[in-house]
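See below for the structure under consideration.
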Amino acid sequence: MGLNLEEQKAVDRFRQNVAEPSMTKLVILDFWAEWCGPCKALTPVLEKVAAEYADKGVILAKVNVDEDQFIASQFQVRSIPTVYALFQGQPVADLTNARTESQLKGLLDQLLAKLPVQAGDEPAPDLAPLLAMGEEVLASGDGERAAGIFAQIIDMAPESADANAGLLRALILAGHLDEAEALLAQLDPQLAADPQIERARAALELAKDRPDDSELAALRAAAAERPADMDAQLAFAGAAFAAGEREEAAETLLAMIRADREWSEGAAKAKLLQMFEAIGLEDPWVAATRRKLSTILFG
């Protein structure tokens, strides 16, 4: 209908993620942007309330106004955050001024009392949007908030490997290693054997080596002063990765493999492969680093 390709894609996303679910659910539609400070303050409130009201038929959908300008223009969004409640494809309330949990819950209670929103014994909720939200927050570096999101998903689907692995990785990022270990210990054996959980377990083992800043600086200095000392190089690589310096860690290990791939029964390669497992083989950085490793090993 006169739309360009990007606008049509935006409409399709909106139809799938917002319009269609709103036929039976009450959708909290949040217009936001990365640069918006008030949006970041409001987001945890929306996420928490949406999770608590999920069994009443409430879901949260987010529209990035920078990425979906066409959708924002259709709703005549003039400032952000802008938050609407949608039901059966139509805005039924402006929730923008509800900035606290109590205010938002009060408005939702009023709407749910008037609208025929489906709730109760229904098919299992679609976890994909919530999982994607958790992964997005995790990628931004906010382990605490990501842990909260994944914990809420686990409340809805305790056996979800995606959610449990996400919570483990979030706890590791936030530095709560004891909590991560406790979570691993209580998982059902079948769930604990899932590849995603194994990946999180590998990340936890590496994170245990995380040094403080002064220790990392000392290990870096020792590795620089003694480039032929393989033990010093390996110690620094492990500490650097645990501290989040994965590029520096990988380059150190690749240099070790290049110099002597058989040292200590291939310890450098084993450590690098452990890092790959912790991050995930589908990660672009892992793919690029694996190519470097293959070049060294096979020319």
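Naming works like this for the structure tokens: A, B, ... for the chains as they're shown, residue 1 at the start of each chain, ligands 1 onward in shown order.
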Next on the checklist: Just list as a ChimeraX atom specification whatever in segment 121-216 of chain A DSSP marks as helix (DSSP H, G or I).
Outcome noted: /A:128-139,143-156,161-173,177-186,189-192,195-207,213-216
Strand (DSSP E) residues, from DSSP on the backbone, in segment 37-163 of chain A, as a CSV table (one decimal) with C-alpha atoms, in the first residue's frame:
```csv
chain,number,residue,atom,x,y,z
A,58,VAL,CA,-0.9,-8.8,30.1
A,59,ILE,CA,2.2,-8.8,27.9
A,60,LEU,CA,4.9,-6.2,27.2
A,61,ALA,CA,6.0,-5.1,23.7
A,62,LYS,CA,8.7,-2.6,23.0
A,63,VAL,CA,9.2,-0.4,19.9
A,64,ASN,CA,12.6,1.3,19.4
A,82,THR,CA,5.4,6.9,25.5
A,83,VAL,CA,3.4,3.9,26.7
A,84,TYR,CA,0.0,2.7,25.5
A,85,ALA,CA,-2.3,-0.2,26.4
A,86,LEU,CA,-3.6,-2.0,23.3
A,87,PHE,CA,-6.4,-4.4,23.0
A,90,GLN,CA,-6.6,-0.5,19.3
A,91,PRO,CA,-5.1,1.8,21.9
A,92,VAL,CA,-7.4,1.7,25.0
A,93,ALA,CA,-5.3,3.8,27.4
A,94,ASP,CA,-2.3,6.1,27.6
```
Can you tell me, as a CSV table (one decimal) with N, CA and C atoms, in the first residue's frame, what residues are no more than 8 Å from Val45 of chain A when counting only C-alpha atoms, ignoring any on the same chain fewer than 2 positions away?
```csv
chain,number,residue,atom,x,y,z
A,41,ALA,N,14.9,4.2,33.1
A,41,ALA,CA,14.3,4.2,34.5
A,41,ALA,C,12.9,3.5,34.5
A,42,LEU,N,12.2,3.7,33.4
A,42,LEU,CA,10.8,3.1,33.4
A,42,LEU,C,10.8,1.7,33.0
A,43,THR,N,11.8,1.2,32.2
A,43,THR,CA,11.8,-0.1,31.7
A,43,THR,C,11.7,-1.2,32.8
A,47,GLU,N,8.7,-4.0,33.0
A,47,GLU,CA,9.1,-5.5,32.9
A,47,GLU,C,8.5,-6.2,34.1
A,48,LYS,N,8.7,-5.6,35.3
A,48,LYS,CA,8.3,-6.3,36.6
A,48,LYS,C,6.8,-6.4,36.6
A,49,VAL,N,6.1,-5.4,36.3
A,49,VAL,CA,4.6,-5.4,36.4
A,49,VAL,C,4.0,-6.3,35.3
A,99,ARG,N,4.4,6.0,36.2
A,99,ARG,CA,5.8,5.8,36.3
A,99,ARG,C,6.2,4.9,37.5
A,100,THR,N,5.2,4.6,38.3
A,100,THR,CA,5.5,3.7,39.5
A,100,THR,C,4.7,2.4,39.3
A,101,GLU,N,5.1,1.4,40.1
A,101,GLU,CA,4.4,0.1,40.0
A,101,GLU,C,3.0,0.3,40.4
```
For segment 267-278 of chain A, find every residue with an atom within 12 Å (counting only C-alpha atoms), except residues of its own chain fewer than 6 positions away, and show them as a short mmCIF file (atom, residue, chain, number, x, y, z; two decimals) with all heavy atoms, in the first residue's frame.
```
data_model
loop_
_atom_site.label_atom_id
_atom_site.label_comp_id
_atom_site.auth_asym_id
_atom_site.auth_seq_id
_atom_site.Cartn_x
_atom_site.Cartn_y
_atom_site.Cartn_z
N ALA A 165 19.99 -21.09 31.60
CA ALA A 165 21.32 -20.73 31.12
C ALA A 165 21.49 -19.22 31.14
O ALA A 165 22.57 -18.70 31.50
CB ALA A 165 21.54 -21.28 29.72
N LEU A 168 22.10 -18.11 34.69
CA LEU A 168 23.48 -18.44 35.09
C LEU A 168 24.46 -17.42 34.53
O LEU A 168 25.33 -16.91 35.26
CB LEU A 168 23.84 -19.85 34.60
CG LEU A 168 23.25 -21.01 35.39
CD1 LEU A 168 23.44 -22.32 34.62
CD2 LEU A 168 23.91 -21.11 36.76
N ARG A 169 24.32 -17.10 33.25
CA ARG A 169 25.25 -16.15 32.63
C ARG A 169 25.08 -14.75 33.22
O ARG A 169 26.05 -14.01 33.38
CB ARG A 169 25.06 -16.13 31.12
CG ARG A 169 25.56 -17.41 30.45
CD ARG A 169 25.47 -17.36 28.94
NE ARG A 169 24.11 -17.53 28.50
CZ ARG A 169 23.44 -16.64 27.78
NH1 ARG A 169 24.01 -15.50 27.45
NH2 ARG A 169 22.19 -16.87 27.40
N ILE A 172 26.77 -14.70 36.60
CA ILE A 172 28.23 -14.65 36.41
C ILE A 172 28.66 -13.23 36.07
O ILE A 172 29.62 -12.71 36.63
CB ILE A 172 28.65 -15.64 35.31
CG1 ILE A 172 28.42 -17.08 35.77
CG2 ILE A 172 30.12 -15.44 34.94
CD1 ILE A 172 28.51 -18.10 34.65
N PRO A 195 23.16 -28.54 26.42
CA PRO A 195 24.37 -27.85 25.92
C PRO A 195 24.46 -26.39 26.39
O PRO A 195 25.56 -25.90 26.66
CB PRO A 195 24.22 -27.93 24.40
CG PRO A 195 23.42 -29.17 24.18
CD PRO A 195 22.45 -29.23 25.33
N GLN A 196 23.33 -25.71 26.51
CA GLN A 196 23.38 -24.31 26.95
C GLN A 196 23.78 -24.21 28.41
O GLN A 196 24.49 -23.26 28.79
CB GLN A 196 22.01 -23.66 26.73
CG GLN A 196 21.62 -23.53 25.27
CD GLN A 196 20.42 -22.63 25.11
OE1 GLN A 196 20.51 -21.42 25.27
NE2 GLN A 196 19.29 -23.23 24.79
N ILE A 197 23.33 -25.14 29.21
CA ILE A 197 23.73 -25.15 30.61
C ILE A 197 25.22 -25.49 30.73
O ILE A 197 25.95 -24.90 31.54
CB ILE A 197 22.89 -26.16 31.42
CG1 ILE A 197 21.40 -25.83 31.31
CG2 ILE A 197 23.34 -26.17 32.88
CD1 ILE A 197 21.00 -24.51 31.90
N GLU A 198 25.68 -26.43 29.89
CA GLU A 198 27.10 -26.78 29.89
C GLU A 198 27.95 -25.58 29.50
O GLU A 198 29.03 -25.35 30.05
CB GLU A 198 27.36 -27.94 28.92
CG GLU A 198 26.79 -29.27 29.39
CD GLU A 198 27.48 -29.78 30.64
OE1 GLU A 198 28.60 -29.32 30.95
OE2 GLU A 198 26.92 -30.64 31.33
N ARG A 199 27.45 -24.80 28.55
CA ARG A 199 28.15 -23.58 28.15
C ARG A 199 28.26 -22.60 29.32
O ARG A 199 29.30 -22.03 29.58
CB ARG A 199 27.40 -22.93 26.99
CG ARG A 199 27.84 -21.52 26.65
CD ARG A 199 26.95 -20.95 25.56
NE ARG A 199 27.03 -19.50 25.51
CZ ARG A 199 26.21 -18.73 24.78
NH1 ARG A 199 25.28 -19.28 24.05
NH2 ARG A 199 26.35 -17.42 24.79
N ALA A 200 27.15 -22.45 30.06
CA ALA A 200 27.17 -21.56 31.22
C ALA A 200 28.09 -22.10 32.31
O ALA A 200 28.77 -21.34 33.01
CB ALA A 200 25.75 -21.38 31.77
N ARG A 201 28.13 -23.44 32.45
CA ARG A 201 29.03 -24.04 33.43
C ARG A 201 30.49 -23.73 33.09
O ARG A 201 31.30 -23.41 33.98
CB ARG A 201 28.82 -25.56 33.46
CG ARG A 201 29.55 -26.27 34.61
CD ARG A 201 29.53 -27.78 34.40
NE ARG A 201 28.18 -28.29 34.22
CZ ARG A 201 27.36 -28.58 35.22
NH1 ARG A 201 27.76 -28.44 36.47
NH2 ARG A 201 26.15 -29.05 34.97
N ALA A 202 30.82 -23.81 31.80
CA ALA A 202 32.18 -23.49 31.37
C ALA A 202 32.51 -22.02 31.66
O ALA A 202 33.62 -21.69 32.09
CB ALA A 202 32.35 -23.78 29.87
N ALA A 203 31.53 -21.15 31.44
CA ALA A 203 31.74 -19.72 31.73
C ALA A 203 31.97 -19.50 33.22
O ALA A 203 32.80 -18.67 33.62
CB ALA A 203 30.53 -18.91 31.26
N LEU A 204 31.26 -20.25 34.04
CA LEU A 204 31.43 -20.13 35.49
C LEU A 204 32.83 -20.57 35.91
O LEU A 204 33.47 -19.92 36.75
CB LEU A 204 30.37 -20.95 36.21
CG LEU A 204 30.45 -20.99 37.74
CD1 LEU A 204 30.34 -19.59 38.32
CD2 LEU A 204 29.35 -21.90 38.30
N GLU A 205 33.30 -21.68 35.36
CA GLU A 205 34.63 -22.17 35.72
C GLU A 205 35.70 -21.14 35.36
O GLU A 205 36.64 -20.91 36.13
CB GLU A 205 34.91 -23.49 35.00
CG GLU A 205 34.09 -24.65 35.52
CD GLU A 205 34.27 -24.89 37.01
OE1 GLU A 205 35.43 -24.85 37.47
OE2 GLU A 205 33.27 -25.10 37.71
N LEU A 206 35.54 -20.50 34.21
CA LEU A 206 36.50 -19.48 33.82
C LEU A 206 36.38 -18.23 34.69
O LEU A 206 37.38 -17.60 35.03
CB LEU A 206 36.29 -19.10 32.34
CG LEU A 206 36.70 -20.17 31.33
CD1 LEU A 206 36.17 -19.82 29.95
CD2 LEU A 206 38.22 -20.32 31.29
N ALA A 207 35.15 -17.89 35.07
CA ALA A 207 34.94 -16.68 35.87
C ALA A 207 35.55 -16.80 37.26
O ALA A 207 35.86 -15.79 37.90
CB ALA A 207 33.45 -16.39 35.99
N MET A 230 55.81 -19.84 29.48
CA MET A 230 54.48 -20.29 29.12
C MET A 230 53.51 -20.26 30.30
O MET A 230 52.32 -19.97 30.15
CB MET A 230 54.54 -21.69 28.52
CG MET A 230 55.23 -21.75 27.16
SD MET A 230 54.27 -20.86 25.93
CE MET A 230 54.88 -21.63 24.42
N ASP A 231 54.00 -20.59 31.47
CA ASP A 231 53.13 -20.56 32.65
C ASP A 231 52.61 -19.15 32.89
O ASP A 231 51.43 -18.96 33.24
CB ASP A 231 53.89 -21.07 33.87
CG ASP A 231 54.12 -22.58 33.82
OD1 ASP A 231 53.13 -23.30 33.60
OD2 ASP A 231 55.27 -23.02 33.97
N ALA A 232 53.48 -18.16 32.73
CA ALA A 232 53.08 -16.77 32.94
C ALA A 232 52.06 -16.34 31.88
O ALA A 232 51.08 -15.63 32.19
CB ALA A 232 54.30 -15.85 32.89
N GLN A 233 52.26 -16.80 30.64
CA GLN A 233 51.34 -16.45 29.57
C GLN A 233 49.96 -17.07 29.82
O GLN A 233 48.92 -16.42 29.66
CB GLN A 233 51.88 -16.95 28.21
CG GLN A 233 53.25 -16.44 27.83
CD GLN A 233 53.32 -14.92 27.77
OE1 GLN A 233 52.46 -14.27 27.18
NE2 GLN A 233 54.34 -14.36 28.41
N LEU A 234 49.95 -18.34 30.24
CA LEU A 234 48.69 -19.03 30.47
C LEU A 234 47.94 -18.41 31.65
O LEU A 234 46.71 -18.25 31.59
CB LEU A 234 48.95 -20.52 30.74
CG LEU A 234 47.71 -21.40 30.84
CD1 LEU A 234 46.96 -21.44 29.51
CD2 LEU A 234 48.09 -22.82 31.28
N ALA A 235 48.65 -18.07 32.70
CA ALA A 235 48.02 -17.47 33.87
C ALA A 235 47.38 -16.13 33.50
O ALA A 235 46.26 -15.81 33.92
CB ALA A 235 49.04 -17.27 34.98
N PHE A 236 48.11 -15.35 32.68
CA PHE A 236 47.57 -14.05 32.27
C PHE A 236 46.35 -14.23 31.37
O PHE A 236 45.34 -13.53 31.51
CB PHE A 236 48.62 -13.22 31.56
CG PHE A 236 48.04 -12.01 30.89
CD1 PHE A 236 47.42 -11.01 31.63
CD2 PHE A 236 48.08 -11.87 29.51
CE1 PHE A 236 46.85 -9.90 31.02
CE2 PHE A 236 47.52 -10.78 28.89
CZ PHE A 236 46.90 -9.79 29.64
N ALA A 237 46.42 -15.18 30.43
CA ALA A 237 45.31 -15.38 29.51
C ALA A 237 44.03 -15.75 30.26
O ALA A 237 42.95 -15.22 29.98
CB ALA A 237 45.66 -16.47 28.49
N GLY A 238 44.14 -16.66 31.22
CA GLY A 238 42.97 -17.06 31.99
C GLY A 238 42.39 -15.90 32.79
O GLY A 238 41.17 -15.70 32.83
N ALA A 239 43.28 -15.11 33.40
CA ALA A 239 42.82 -13.97 34.20
C ALA A 239 42.20 -12.89 33.31
O ALA A 239 41.18 -12.29 33.67
CB ALA A 239 43.99 -13.40 34.99
N ALA A 240 42.81 -12.65 32.15
CA ALA A 240 42.30 -11.63 31.24
C ALA A 240 40.90 -12.00 30.75
O ALA A 240 40.00 -11.15 30.70
CB ALA A 240 43.25 -11.46 30.05
N PHE A 241 40.70 -13.26 30.40
CA PHE A 241 39.37 -13.68 29.94
C PHE A 241 38.34 -13.53 31.06
O PHE A 241 37.23 -13.03 30.82
CB PHE A 241 39.41 -15.13 29.45
CG PHE A 241 38.10 -15.59 28.87
CD1 PHE A 241 37.79 -15.34 27.56
CD2 PHE A 241 37.17 -16.25 29.66
CE1 PHE A 241 36.57 -15.74 27.02
CE2 PHE A 241 35.96 -16.66 29.15
CZ PHE A 241 35.66 -16.41 27.81
N ALA A 242 38.71 -13.94 32.25
CA ALA A 242 37.79 -13.84 33.38
C ALA A 242 37.44 -12.39 33.68
O ALA A 242 36.35 -12.09 34.18
CB ALA A 242 38.39 -14.50 34.61
N GLY A 244 37.04 -10.16 31.41
CA GLY A 244 36.32 -9.61 30.28
C GLY A 244 37.18 -9.18 29.12
O GLY A 244 36.68 -8.67 28.11
N GLU A 245 38.50 -9.39 29.23
CA GLU A 245 39.42 -8.99 28.16
C GLU A 245 39.66 -10.19 27.24
O GLU A 245 40.77 -10.71 27.13
CB GLU A 245 40.75 -8.50 28.76
CG GLU A 245 40.61 -7.37 29.75
CD GLU A 245 40.16 -6.08 29.07
OE1 GLU A 245 40.30 -5.98 27.83
OE2 GLU A 245 39.66 -5.18 29.77
N ARG A 246 38.61 -10.64 26.56
CA ARG A 246 38.72 -11.89 25.81
C ARG A 246 39.62 -11.77 24.58
O ARG A 246 40.26 -12.75 24.20
CB ARG A 246 37.33 -12.40 25.42
CG ARG A 246 36.55 -11.52 24.46
CD ARG A 246 35.18 -12.14 24.24
NE ARG A 246 34.42 -11.43 23.21
CZ ARG A 246 33.16 -11.75 22.86
NH1 ARG A 246 32.55 -12.73 23.49
NH2 ARG A 246 32.54 -11.09 21.93
N GLU A 247 39.69 -10.60 23.97
CA GLU A 247 40.57 -10.44 22.80
C GLU A 247 42.02 -10.58 23.20
O GLU A 247 42.81 -11.27 22.54
CB GLU A 247 40.33 -9.07 22.15
CG GLU A 247 41.01 -8.89 20.81
CD GLU A 247 40.45 -9.82 19.74
OE1 GLU A 247 39.22 -10.03 19.71
OE2 GLU A 247 41.26 -10.35 18.94
N GLU A 248 42.39 -9.93 24.30
CA GLU A 248 43.76 -10.01 24.79
C GLU A 248 44.08 -11.44 25.23
O GLU A 248 45.19 -11.94 24.98
CB GLU A 248 43.93 -9.03 25.96
CG GLU A 248 45.38 -8.76 26.32
CD GLU A 248 45.52 -7.64 27.33
OE1 GLU A 248 44.50 -7.17 27.86
OE2 GLU A 248 46.67 -7.24 27.60
N ALA A 249 43.12 -12.10 25.86
CA ALA A 249 43.32 -13.48 26.29
C ALA A 249 43.55 -14.39 25.10
O ALA A 249 44.47 -15.23 25.08
CB ALA A 249 42.11 -13.96 27.09
N ALA A 250 42.72 -14.23 24.05
CA ALA A 250 42.83 -15.09 22.87
C ALA A 250 44.15 -14.86 22.15
O ALA A 250 44.81 -15.82 21.72
CB ALA A 250 41.66 -14.82 21.93
N GLU A 251 44.55 -13.62 22.00
CA GLU A 251 45.80 -13.33 21.30
C GLU A 251 46.99 -13.93 22.05
O GLU A 251 47.95 -14.41 21.43
CB GLU A 251 45.98 -11.82 21.12
CG GLU A 251 45.01 -11.19 20.13
CD GLU A 251 45.11 -11.82 18.73
OE1 GLU A 251 46.24 -12.18 18.32
OE2 GLU A 251 44.08 -11.95 18.07
N THR A 252 46.94 -13.90 23.36
CA THR A 252 48.01 -14.50 24.16
C THR A 252 48.07 -16.00 23.93
O THR A 252 49.15 -16.59 23.73
CB THR A 252 47.79 -14.20 25.66
OG1 THR A 252 47.78 -12.78 25.87
CG2 THR A 252 48.88 -14.83 26.51
N LEU A 253 46.91 -16.65 23.95
CA LEU A 253 46.87 -18.10 23.74
C LEU A 253 47.27 -18.48 22.31
O LEU A 253 47.96 -19.48 22.10
CB LEU A 253 45.47 -18.63 24.06
CG LEU A 253 45.06 -18.54 25.53
CD1 LEU A 253 43.59 -18.87 25.70
CD2 LEU A 253 45.91 -19.47 26.40
N LEU A 254 46.84 -17.71 21.35
CA LEU A 254 47.22 -17.99 19.95
C LEU A 254 48.73 -17.87 19.77
O LEU A 254 49.35 -18.67 19.04
CB LEU A 254 46.48 -17.03 19.01
CG LEU A 254 44.97 -17.27 18.86
CD1 LEU A 254 44.34 -16.11 18.09
CD2 LEU A 254 44.70 -18.59 18.15
N ALA A 255 49.32 -16.89 20.43
CA ALA A 255 50.77 -16.73 20.36
C ALA A 255 51.48 -17.93 20.99
O ALA A 255 52.51 -18.40 20.49
CB ALA A 255 51.20 -15.43 21.05
N MET A 256 50.91 -18.44 22.08
CA MET A 256 51.49 -19.63 22.72
C MET A 256 51.41 -20.85 21.79
O MET A 256 52.36 -21.61 21.65
CB MET A 256 50.74 -19.93 24.02
CG MET A 256 50.93 -18.92 25.13
SD MET A 256 49.91 -19.31 26.59
CE MET A 256 50.66 -20.86 27.11
N ILE A 257 50.26 -21.01 21.15
CA ILE A 257 50.08 -22.15 20.23
C ILE A 257 51.02 -22.02 19.05
O ILE A 257 51.61 -23.01 18.58
CB ILE A 257 48.61 -22.21 19.77
CG1 ILE A 257 47.70 -22.48 20.97
CG2 ILE A 257 48.42 -23.30 18.70
CD1 ILE A 257 46.23 -22.27 20.68
N ARG A 258 51.18 -20.80 18.58
CA ARG A 258 52.09 -20.56 17.46
C ARG A 258 53.52 -20.91 17.84
O ARG A 258 54.29 -21.47 17.04
CB ARG A 258 51.99 -19.09 17.03
CG ARG A 258 52.64 -18.77 15.69
CD ARG A 258 52.46 -17.30 15.34
NE ARG A 258 51.06 -16.97 15.09
CZ ARG A 258 50.32 -16.20 15.87
NH1 ARG A 258 50.86 -15.69 16.99
NH2 ARG A 258 49.08 -15.93 15.57
N ALA A 259 53.90 -20.61 19.09
CA ALA A 259 55.27 -20.85 19.54
C ALA A 259 55.51 -22.33 19.86
O ALA A 259 56.56 -22.89 19.51
CB ALA A 259 55.57 -19.99 20.78
N ASP A 260 54.53 -22.97 20.52
CA ASP A 260 54.71 -24.38 20.90
C ASP A 260 53.34 -24.98 21.21
O ASP A 260 52.89 -24.98 22.35
CB ASP A 260 55.62 -24.50 22.12
CG ASP A 260 55.93 -25.95 22.49
OD1 ASP A 260 55.38 -26.86 21.83
OD2 ASP A 260 56.69 -26.17 23.45
N ARG A 261 52.71 -25.53 20.17
CA ARG A 261 51.35 -26.02 20.34
C ARG A 261 51.25 -27.23 21.25
O ARG A 261 50.18 -27.54 21.78
CB ARG A 261 50.74 -26.36 18.97
CG ARG A 261 51.36 -27.57 18.29
CD ARG A 261 50.75 -27.81 16.92
NE ARG A 261 51.07 -26.73 15.99
CZ ARG A 261 50.73 -26.74 14.71
NH1 ARG A 261 50.02 -27.74 14.23
NH2 ARG A 261 51.07 -25.75 13.93
N PRO A 284 30.03 -14.43 16.78
CA PRO A 284 30.92 -13.97 15.71
C PRO A 284 32.38 -13.89 16.12
O PRO A 284 33.28 -14.21 15.33
CB PRO A 284 30.37 -12.58 15.36
CG PRO A 284 28.94 -12.63 15.78
CD PRO A 284 28.89 -13.51 17.00
N TRP A 285 32.62 -13.47 17.37
CA TRP A 285 34.01 -13.39 17.83
C TRP A 285 34.64 -14.77 17.88
O TRP A 285 35.79 -14.96 17.51
CB TRP A 285 34.07 -12.74 19.21
CG TRP A 285 35.45 -12.68 19.78
CD1 TRP A 285 36.40 -11.74 19.55
CD2 TRP A 285 36.05 -13.64 20.67
NE1 TRP A 285 37.56 -12.03 20.24
CE2 TRP A 285 37.37 -13.20 20.94
CE3 TRP A 285 35.62 -14.81 21.26
CZ2 TRP A 285 38.25 -13.89 21.76
CZ3 TRP A 285 36.48 -15.51 22.10
CH2 TRP A 285 37.77 -15.05 22.34
N VAL A 286 33.88 -15.76 18.34
CA VAL A 286 34.39 -17.13 18.39
C VAL A 286 34.71 -17.62 16.99
O VAL A 286 35.76 -18.23 16.75
CB VAL A 286 33.37 -18.07 19.07
CG1 VAL A 286 33.79 -19.53 18.91
CG2 VAL A 286 33.24 -17.73 20.55
N ALA A 287 33.81 -17.36 16.05
CA ALA A 287 34.04 -17.81 14.67
C ALA A 287 35.31 -17.19 14.10
O ALA A 287 36.12 -17.88 13.45
CB ALA A 287 32.84 -17.44 13.80
N ALA A 288 35.52 -15.91 14.35
CA ALA A 288 36.72 -15.24 13.84
C ALA A 288 37.98 -15.79 14.49
O ALA A 288 39.01 -15.99 13.83
CB ALA A 288 36.60 -13.73 14.07
N THR A 289 37.91 -16.04 15.80
CA THR A 289 39.09 -16.54 16.52
C THR A 289 39.38 -17.99 16.12
O THR A 289 40.55 -18.40 16.06
CB THR A 289 38.87 -16.43 18.04
OG1 THR A 289 38.46 -15.10 18.37
CG2 THR A 289 40.15 -16.74 18.80
N ARG A 290 38.34 -18.76 15.86
CA ARG A 290 38.55 -20.14 15.41
C ARG A 290 39.27 -20.17 14.06
O ARG A 290 40.10 -21.04 13.81
CB ARG A 290 37.21 -20.87 15.29
CG ARG A 290 36.57 -21.23 16.62
CD ARG A 290 35.25 -21.91 16.41
NE ARG A 290 35.40 -23.26 15.87
CZ ARG A 290 34.40 -24.01 15.46
NH1 ARG A 290 33.16 -23.54 15.52
NH2 ARG A 290 34.61 -25.22 15.01
N LYS A 292 41.47 -17.98 13.09
CA LYS A 292 42.86 -17.71 13.40
C LYS A 292 43.55 -18.96 13.90
O LYS A 292 44.70 -19.25 13.53
CB LYS A 292 42.96 -16.58 14.45
CG LYS A 292 42.49 -15.21 13.98
CD LYS A 292 42.62 -14.20 15.10
CE LYS A 292 42.12 -12.83 14.70
NZ LYS A 292 42.23 -11.84 15.81
N LEU A 293 42.84 -19.70 14.76
CA LEU A 293 43.41 -20.93 15.30
C LEU A 293 43.64 -21.94 14.17
O LEU A 293 44.70 -22.59 14.13
CB LEU A 293 42.46 -21.53 16.35
CG LEU A 293 42.87 -22.88 16.95
CD1 LEU A 293 44.21 -22.78 17.64
CD2 LEU A 293 41.77 -23.39 17.91
N SER A 294 42.71 -22.08 13.25
CA SER A 294 42.85 -23.01 12.14
C SER A 294 44.03 -22.64 11.26
O SER A 294 44.76 -23.53 10.78
CB SER A 294 41.57 -23.04 11.31
OG SER A 294 40.50 -23.54 12.05
N ILE A 296 46.77 -21.22 12.21
CA ILE A 296 48.00 -21.62 12.91
C ILE A 296 48.19 -23.13 12.85
O ILE A 296 49.30 -23.63 12.58
CB ILE A 296 47.93 -21.16 14.38
CG1 ILE A 296 47.94 -19.64 14.46
CG2 ILE A 296 49.12 -21.72 15.17
CD1 ILE A 296 47.70 -19.09 15.85
N LEU A 297 47.11 -23.88 13.05
CA LEU A 297 47.22 -25.33 13.13
C LEU A 297 47.40 -26.01 11.76
O LEU A 297 48.12 -26.99 11.62
CB LEU A 297 45.99 -25.93 13.81
CG LEU A 297 45.78 -25.54 15.29
CD1 LEU A 297 44.49 -26.16 15.80
CD2 LEU A 297 46.97 -25.99 16.14
#
```
Next on the checklist: Can you tell me which residues surround Phe70 of chain A at a distance of at most 12 Å, considering only C-alpha atoms, apart from same-chain residues fewer than 4 positions away, and format the answer as a list of chain:residue names?
Outcome noted: A:Leu3, A:Asn4, A:Leu5, A:Glu6, A:Glu7, A:Gln8, A:Lys9, A:Ala10, A:Val11, A:Asp12, A:Arg13, A:Phe14, A:Val63, A:Asn64, A:Val65, A:Asp66, A:Gln74, A:Phe75, A:Gln76, A:Val77
Hey, can you spit out that residue selection with C-alpha atoms as a CSV table (one decimal), in the first residue's frame?
```
chain,number,residue,atom,x,y,z
A,3,LEU,CA,5.2,1.3,1.7
A,4,ASN,CA,8.8,0.9,1.0
A,5,LEU,CA,10.6,-2.4,2.0
A,6,GLU,CA,11.8,-1.2,5.4
A,7,GLU,CA,8.3,0.2,6.3
A,8,GLN,CA,6.7,-3.1,5.2
A,9,LYS,CA,9.1,-5.1,7.4
A,10,ALA,CA,8.3,-2.7,10.4
A,11,VAL,CA,4.6,-3.3,9.8
A,12,ASP,CA,5.1,-7.1,9.7
A,13,ARG,CA,7.1,-7.0,12.9
A,14,PHE,CA,4.4,-4.9,14.6
A,63,VAL,CA,9.2,-0.4,19.9
A,64,ASN,CA,12.6,1.3,19.4
A,65,VAL,CA,11.7,4.6,17.8
A,66,ASP,CA,15.1,4.9,16.1
A,74,GLN,CA,1.7,6.1,13.0
A,75,PHE,CA,1.1,6.4,16.7
A,76,GLN,CA,2.1,10.1,16.5
A,77,VAL,CA,4.8,9.7,19.2
```
